[in-house]
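Reviewing the structure listed below.
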2 protein chains.
Amino acid sequence: MSNRITSQDVADLAGVSRTTVSFVLNDEKRFAIRPETAEKVRAAAKQLGYFPNASARALASNQTKNIGLIITRAPRYISSDPFLPQILGGLLDALKQNSQGLLLEWVEPGQQLQTYLELTRAHHIDGLILMTPRLDDPGLKALEETDIPVVLMGYIPGSSLHSVDVDNLAAAETAVSHLIELGHRCIACITNAALPYTSATQRLDGYKLALQKAGIVFNPELVREADFDIQSGYREMKSLLAEGQEFTAVFVASDNVALGVYSALSEVGLSIPDDVSVVGFDDIPLSSYIKPALTTVRMPAREIAQQSYHLLMRLMKRDFPDKREVMLPTNLVLRQSTCSLISL
Amino acid sequence: MSNRITSQDVADLAGVSRTTVSFVLNDEKRFAIRPETAEKVRAAAKQLGYFPNASARALASNQTKNIGLIITRAPRYISSDPFLPQILGGLLDALKQNSQGLLLEWVEPGQQLQTYLELTRAHHIDGLILMTPRLDDPGLKALEETDIPVVLMGYIPGSSLHSVDVDNLAAAETAVSHLIELGHRCIACITNAALPYTSATQRLDGYKLALQKAGIVFNPELVREADFDIQSGYREMKSLLAEGQEFTAVFVASDNVALGVYSALSEVGLSIPDDVSVVGFDDIPLSSYIKPALTTVRMPAREIAQQSYHLLMRLMKRDFPDKREVMLPTNLVLRQSTCSLISL
DNA sequence: CCTCGTGATTAACACGCGTTAGTTATATTA
DNA sequence: TAATATAACTAACGCGTGTTAATCACGAGG
């Protein structure tokens, strides 16, 4: 039934050996092949509809032509992430040009080590990108010692792994400083994720730093942890309001979470930006379309994906860059969700 | 350098043959193995950190343990799709339970045939799911004849491929009928995508059918084609307004596109639902959080993913269901974006 | 005329695993 | 006791490719 066509079939039809077929189709320049012979082989391959078997090729050449993208979250947190498609878009685009494939995987916190080992040792992939790594990931050490290249999309202090990220701390500080310049003194903060995710910690630190530079005392009561989705933003803002915390502005470290914040605020009749100013983080496509348009930190998502890929490709060629970290620039996009306390 | 551990190493350490190792680790029940021997093997494997090489296993067993998900769009249309993560979430969840991998791929319209052939003939995957297929896809015939199982996420009339979908036509008709019941007679329609995507055509047909049943004459001037993203919704609504078309309601066949419609309407000072009622399609997580909350057709995204997967698994076991199509139910979720023309 | 390269091609091995057919050693039966 | 069955294991082949080392023809050089 399974009438698979092998390189032997091509060789037979072209009247040459299997070796020659291999040389021609991989255009191996170290060996001289007569142009007419090459043409005969190519014609035979096309006529038969021959495609070299991926597994056999991977086994022989020790290259799977697949790279892995690991998401360090459970599926229910993946489902509502508007940031993921942007990363995927950028990655898929870059991959196709090198005719490589993308193997998508997720790990639940707690299961990391086993997954990493299986994925690397079994050699499903030639290299891997780890999205939003966690500080408390017990599998990272294993990744440092593995023999396939790894790129972190995000930063882990003290890790020897290469990484691509933005300066979350500086970006958050800029965002919060903007609120302070507008005259706000009571500024709440809702993180993008749980604190073991370094991006969450760094953005929170940026918030603290901005306060400190302005001489504002940090109030832990004004800080809440969300986790990726809209609902968590809604929940945490509700909780702030329910406790009667006083604030005139919020720094929400994720646009998606900020959408929940919008909803919670409007539900109790507070207007943005007149009653509460909001600054987000990510600049997802939606942010400029909602009302009021969200002032936010622009994350260069597509570029993060592409840079991660290019870095990974360099590592796969054993071409190690002198710097471990690639830092991409962000910028604060001013829109309509913030207003000044002073000039009013 | 690459000190890979093979099953031979495990065999040596355990003092048995490689065959025995294979039997134990795949717990092959057709052959009797003494429990103590099995334990010895397992201990050796664990001690060495052995993981069977994926390519070798795939080559020998003719099973890659990967399934492919193909998205029939260019990356820029993938980047802003809030529906995709839901599908991915559902799929990844199901896959992990069978320790299978997900190979993600996109095809640009025009390149389909080559991609399908390469993916199936080269046997990168054991089966594939094709997301949002296009009527004009010249590669579909090739997929019908391929020897690996294929499931369409969406429906192609006349195709012999198995599919999982909702009844787009009926769902759209229900949505539009709801607007008609509220007294609307001038109802615009903005599609979710270009018409070669069957979901777009079917939803448009549902719109037409509802009008027809109510005795409202179909006006092509009120119909626009969007393509997946927010911006296209904004653009098409602007175009409707610029041409001075008269309408009191819009049926937008995608929630994401509807977000752009919201933006365009608010920009010209039209209020939802007082000036224009809006009904969407998909029920993405955001839809219940925006203001006004969007009345929409609920797509069971997670279930579509899981059913597609289960169907694919059945096909892979040569267990062919009697029905080619799996139809999942939708329901209209009533929220605040529509209002009656009559009772006001 | 024989050697010696050189351009063109191929035989043969390796990759790491699954699996069939076969081989022992031990227990069962007539 | 000899024939037979059964439990426990293994030798050896095949999967389809990449690649090294070897082969062959053939004209140039001595």
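All residue names refer to the structure tokens as shown: chains lettered A, B, ... in order, residues numbered from 1 in each chain, ligands numbered from 1 in order.
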Open item on the list: Give me, as a VMD selection string, the residues of chain B touching chain C, with the criterion being at most 12 Å (counting only C-alpha atoms (C1' of nucleotides)).
Closed with: chain B and resid 4 to 9 18 to 23 25 to 26 28 30 to 31 51 to 63
Open item on the list: List as a ChimeraX atom specification the protein and nucleic acid residues near region 179-181 of chain A, meaning an atom at most 10 Å away when only C-alpha atoms (C1' of nucleotides) are counted, but skip any in the same chain fewer than 4 places from it.
Closed with: /A:173-175,185-187,210-211,214,216,248-251,277-279,338-342
TODO: Find the spatial neighbours of Glu144 (chain B), counting only C-alpha atoms (C1' of nucleotides), within a cut-off of 12 Å - ignore same-chain residues fewer than 3 positions away - and output them as an NGL selection string.
DONE: :B and (113 or 116-117 or 120 or 128 or 138-141 or 147-152 or 156 or 158-162)
For the residues selected in the previous step, produce a file with N, CA and C atoms as a CSV table (one decimal), in the first residue's frame.
chain,number,residue,atom,x,y,z
B,113,LEU,N,0.5,23.5,-2.9
B,113,LEU,CA,0.7,22.2,-3.4
B,113,LEU,C,2.1,21.7,-3.0
B,116,TYR,N,2.3,20.9,0.8
B,116,TYR,CA,1.7,19.7,1.2
B,116,TYR,C,2.4,18.5,0.8
B,117,LEU,N,2.9,18.5,-0.4
B,117,LEU,CA,3.7,17.3,-0.9
B,117,LEU,C,4.9,17.1,-0.1
B,120,THR,N,4.0,15.8,3.4
B,120,THR,CA,3.5,14.5,3.6
B,120,THR,C,4.4,13.4,3.0
B,128,LEU,N,-2.1,15.4,9.6
B,128,LEU,CA,-2.1,16.9,9.6
B,128,LEU,C,-3.5,17.5,9.7
B,138,PRO,N,-5.3,24.8,-4.6
B,138,PRO,CA,-5.0,23.8,-5.7
B,138,PRO,C,-4.3,22.5,-5.1
B,139,GLY,N,-4.0,22.6,-3.8
B,139,GLY,CA,-3.3,21.5,-3.2
B,139,GLY,C,-4.2,20.4,-2.5
B,140,LEU,N,-5.5,20.8,-2.4
B,140,LEU,CA,-6.4,19.9,-1.7
B,140,LEU,C,-6.5,18.5,-2.3
B,141,LYS,N,-6.5,18.5,-3.6
B,141,LYS,CA,-6.6,17.2,-4.3
B,141,LYS,C,-5.5,16.3,-3.9
B,147,ASP,N,-1.2,9.5,1.7
B,147,ASP,CA,-1.5,8.3,2.5
B,147,ASP,C,-1.4,8.6,4.0
B,148,ILE,N,-1.3,9.9,4.4
B,148,ILE,CA,-1.4,10.2,5.8
B,148,ILE,C,-2.7,10.9,6.0
B,149,PRO,N,-3.3,10.7,7.2
B,149,PRO,CA,-4.6,11.2,7.5
B,149,PRO,C,-4.6,12.7,7.5
B,150,VAL,N,-5.7,13.3,7.1
B,150,VAL,CA,-5.9,14.7,7.0
B,150,VAL,C,-7.2,15.1,7.6
B,151,VAL,N,-7.2,16.2,8.5
B,151,VAL,CA,-8.5,16.7,9.0
B,151,VAL,C,-8.6,18.2,8.6
B,152,LEU,N,-9.7,18.6,8.1
B,152,LEU,CA,-9.9,20.0,7.8
B,152,LEU,C,-10.6,20.6,9.0
B,156,ILE,N,-14.9,22.1,3.2
B,156,ILE,CA,-14.8,22.3,1.8
B,156,ILE,C,-15.8,21.5,1.1
B,158,GLY,N,-17.7,19.2,-1.3
B,158,GLY,CA,-17.3,18.2,-2.3
B,158,GLY,C,-16.0,17.6,-2.1
B,159,SER,N,-15.3,18.0,-1.0
B,159,SER,CA,-14.0,17.3,-0.7
B,159,SER,C,-14.2,16.0,0.0
B,160,SER,N,-13.4,15.1,-0.3
B,160,SER,CA,-13.5,13.8,0.4
B,160,SER,C,-12.8,13.7,1.7
B,161,LEU,N,-12.2,14.9,2.1
B,161,LEU,CA,-11.4,14.9,3.3
B,161,LEU,C,-12.4,15.0,4.5
B,162,HIS,N,-12.0,14.5,5.6
B,162,HIS,CA,-12.8,14.6,6.9
B,162,HIS,C,-12.6,16.0,7.4
- [ ] Hey, list the chain D side of the contact with chain A: 7 Å cut-off, only C-alpha atoms (C1' of nucleotides), answer as a PyMOL selection string.
- [x] chain D and resi 16-18
Write the residues you've just listed into a file as a tab-separated table (two decimals), in the first residue's frame, and include N, CA, C and O atoms (P, O5', C5', C4', C3', O3' and C1' of nucleotides) for each of them.
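Final file, selection_36.tsv:
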chain	number	residue	atom	x	y	z
D	16	DG	P	12.11	2.63	3.25
D	16	DG	O5'	13.11	3.84	3.02
D	16	DG	C5'	12.82	5.08	3.64
D	16	DG	C4'	14.05	5.94	3.63
D	16	DG	C3'	14.65	6.18	2.24
D	16	DG	O3'	14.77	7.56	2.06
D	16	DG	C1'	16.32	5.51	3.76
D	17	DT	P	15.34	8.21	0.75
D	17	DT	O5'	16.77	8.74	1.24
D	17	DT	C5'	16.89	9.94	1.91
D	17	DT	C4'	18.03	9.89	2.91
D	17	DT	C3'	19.36	10.41	2.40
D	17	DT	O3'	19.39	11.81	2.61
D	17	DT	C1'	19.61	8.52	3.86
D	18	DG	P	20.50	12.67	1.88
D	18	DG	O5'	21.81	12.44	2.77
D	18	DG	C5'	21.88	13.03	4.05
D	18	DG	C4'	23.25	12.79	4.68
D	18	DG	C3'	24.42	13.39	3.93
D	18	DG	O3'	25.36	13.89	4.89
D	18	DG	C1'	24.70	11.04	4.05
I'd like a table as a tab-separated table: residues in chain B with an atom no more than 8 Å from chain A, each row giving the shortest atom pair and its distance in Å to one decimal, only C-alpha atoms counted, sorted by chain and rising residue number.
residue	atom	partner	partner_atom	distance
B:Ser2	CA	A:Asp147	CA	7.3
B:Tyr50	CA	A:Arg121	CA	7.8
B:Phe51	CA	A:Ala122	CA	5.2
B:Pro52	CA	A:Ala122	CA	5.6
B:Asn53	CA	A:Ala122	CA	4.5
B:Ala54	CA	A:Ala122	CA	5.3
B:Ser55	CA	A:Ser55	CA	4.9
B:Ala56	CA	A:Leu59	CA	5.8
B:Ala58	CA	A:Ser55	CA	6.0
B:Leu59	CA	A:Ser55	CA	5.4
B:Thr64	CA	A:Ser55	CA	7.7
B:Pro75	CA	A:Gly89	CA	4.5
B:Arg76	CA	A:Gly89	CA	6.4
B:Ile78	CA	A:Gly89	CA	5.8
B:Ser79	CA	A:Gln86	CA	4.1
B:Ser80	CA	A:Pro85	CA	6.2
B:Asp81	CA	A:Pro85	CA	6.6
B:Pro82	CA	A:Pro82	CA	5.8
B:Leu84	CA	A:Pro85	CA	7.2
B:Pro85	CA	A:Ser79	CA	4.5
B:Gln86	CA	A:Ser79	CA	4.1
B:Ile87	CA	A:Ser79	CA	7.4
B:Leu88	CA	A:Ser79	CA	7.1
B:Gly89	CA	A:Pro75	CA	4.5
B:Gly90	CA	A:Pro75	CA	7.0
B:Leu92	CA	A:Pro75	CA	7.0
B:Asp93	CA	A:Pro75	CA	6.3
B:Gly101	CA	A:Leu103	CA	6.7
B:Leu102	CA	A:Leu104	CA	5.4
B:Leu103	CA	A:Leu103	CA	4.6
B:Leu104	CA	A:Leu102	CA	5.4
B:Glu105	CA	A:Gly101	CA	7.0
B:Trp106	CA	A:Leu92	CA	7.3
B:Glu118	CA	A:Phe51	CA	6.4
B:Arg121	CA	A:Phe51	CA	6.0
B:Ala122	CA	A:Asn53	CA	4.5
B:His123	CA	A:Ala54	CA	6.1
B:His124	CA	A:Ala54	CA	5.7
B:Asp147	CA	A:Ser2	CA	7.2
B:Ile230	CA	A:Leu286	CA	7.1
B:Leu259	CA	A:Tyr289	CA	7.3
B:Gly260	CA	A:Tyr289	CA	6.6
B:Ser263	CA	A:Tyr289	CA	5.6
B:Pro285	CA	A:Ser80	CA	6.5
B:Leu286	CA	A:Ile230	CA	7.1
B:Tyr289	CA	A:Ser263	CA	5.6
B:Ile290	CA	A:Ser263	CA	6.5
B:Lys291	CA	A:Ser263	CA	7.4
Task: Pairwise distance for CA of Ala45 (chain A) and CA of Ile33 (chain A), rounded to one decimal in Å - done: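 We find that CA of Ala45 (chain A) and CA of Ile33 (chain A) lie 16.3 Å from each other.
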Open item on the list: If DSSP is run on the backbone, what residues of region 32-95 of chain B are helix (DSSP H, G or I)? A reply as JSON, numbers by chain would be ideal.
Closed with: {"B": [35, 36, 37, 38, 39, 40, 41, 42, 43, 44, 45, 46, 47, 48, 54, 55, 56, 57, 58, 59, 60, 61, 75, 76, 77, 78, 84, 85, 86, 87, 88, 89, 90, 91, 92, 93, 94, 95]}
